[in-house]
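Here's the structure, in structure tokens; my notes come after.
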Amino acid sequence: MKGDRVEIVVDAGDSTRTYEVVASRAGRRVETAVRRGVVEVSEVTRNGSVVRTARFMATRVLALVEQPVPREDASERPLREDPSPA
């Protein structure tokens, strides 16, 4: 969903670097995967097309923080009150 983001903290030798991948438009989401020693974070459209991808060596990744946008759940919405009879 738009606004979802993933922060990646990477060891850069003598310091750390932080990168962000953000779902920039409505209908996009951010997916993470770890394959063959590589951490891959991708912004994906509704139909599954990859818009952009960030790849990092898994041995260098210190933290991977997923920060979803708070969503309004249907169970949390107040029920509509019935109009009082006249």
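So you can find residues: chains in the structure tokens are A, B, ... in the order shown, residues in each start at 1, and ligands are numbered from 1 in order.
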Run DSSP on the backbone of this structure and report the residues of chain A it assigns to helix (DSSP H, G or I), as a ChimeraX atom specification. /A:58-60,74-76
Residues as selected, C-alpha atoms, written as an mmCIF file, in the first residue's frame, can you do that?
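Output saved as result_24.cif:
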```cif
data_model
loop_
_atom_site.group_PDB
_atom_site.id
_atom_site.type_symbol
_atom_site.label_atom_id
_atom_site.label_comp_id
_atom_site.auth_asym_id
_atom_site.auth_seq_id
_atom_site.Cartn_x
_atom_site.Cartn_y
_atom_site.Cartn_z
ATOM 1 C CA ALA A 58 23.128 -10.475 3.547
ATOM 2 C CA THR A 59 26.379 -10.522 5.548
ATOM 3 C CA ARG A 60 26.441 -6.699 5.477
ATOM 4 C CA ALA A 74 -13.262 -3.184 9.231
ATOM 5 C CA SER A 75 -13.644 -4.652 12.735
ATOM 6 C CA GLU A 76 -12.404 -1.404 14.304
#
```
Using only C-alpha atoms, which protein or nucleic acid residues come within 10 Å of Val34 of chain A? Drop anything in the same chain fewer than 4 positions from it, and give the result as a list in words.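 The neighbour list is Val38, Val39, Glu40, Val41, Arg55, Phe56, Met57 and Ala58 of chain A.
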Write the residues of the preceding selection, restricted to N, CA, C and O atoms, as a compact mmCIF listing (two decimals), in the first residue's frame.
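result-v7.txt, written as the output of this step:
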```txt
# COMPACT_ATOMS: atom_id res chain seq x y z
N VAL A 38 21.73 -12.84 -0.55
CA VAL A 38 21.41 -11.48 -0.98
C VAL A 38 20.04 -11.10 -0.43
O VAL A 38 19.07 -11.85 -0.56
N VAL A 39 19.96 -9.93 0.20
CA VAL A 39 18.68 -9.39 0.65
C VAL A 39 18.17 -8.50 -0.47
O VAL A 39 18.85 -7.59 -0.93
N GLU A 40 16.94 -8.77 -0.90
CA GLU A 40 16.34 -8.04 -2.02
C GLU A 40 15.05 -7.38 -1.55
O GLU A 40 14.17 -8.05 -1.03
N VAL A 41 14.96 -6.07 -1.71
CA VAL A 41 13.76 -5.31 -1.34
C VAL A 41 13.23 -4.68 -2.61
O VAL A 41 13.95 -3.94 -3.28
N ARG A 55 19.34 -4.33 -3.75
CA ARG A 55 19.97 -5.59 -3.35
C ARG A 55 21.18 -5.31 -2.46
O ARG A 55 21.97 -4.42 -2.75
N PHE A 56 21.30 -6.11 -1.41
CA PHE A 56 22.39 -5.95 -0.46
C PHE A 56 22.92 -7.33 -0.10
O PHE A 56 22.16 -8.29 -0.03
N MET A 57 24.23 -7.43 0.17
CA MET A 57 24.81 -8.69 0.64
C MET A 57 24.27 -8.96 2.05
O MET A 57 24.31 -8.08 2.91
N ALA A 58 23.75 -10.14 2.27
CA ALA A 58 23.13 -10.47 3.55
C ALA A 58 24.12 -10.36 4.71
O ALA A 58 23.72 -10.01 5.82
```
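Candidate residues A:Glu43, A:Val6, A:Arg36, A:Ala12 were compared for distance to Ser24 of chain A, and the nearest is A:Glu43, using only C-alpha atoms.
Restricting the calculation to only C-alpha atoms, the smallest distance between Arg29 of chain A and any of A:Gly13, A:Pro70, A:Val51, A:Asp4 is found for A:Asp4.
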Based on DSSP run over this structure's backbone, return all residues of chain A in strand (DSSP E), as an MDAnalysis selection string. chainID A and resid 5:11 16:22 29:35 38:44 50:57 61:67
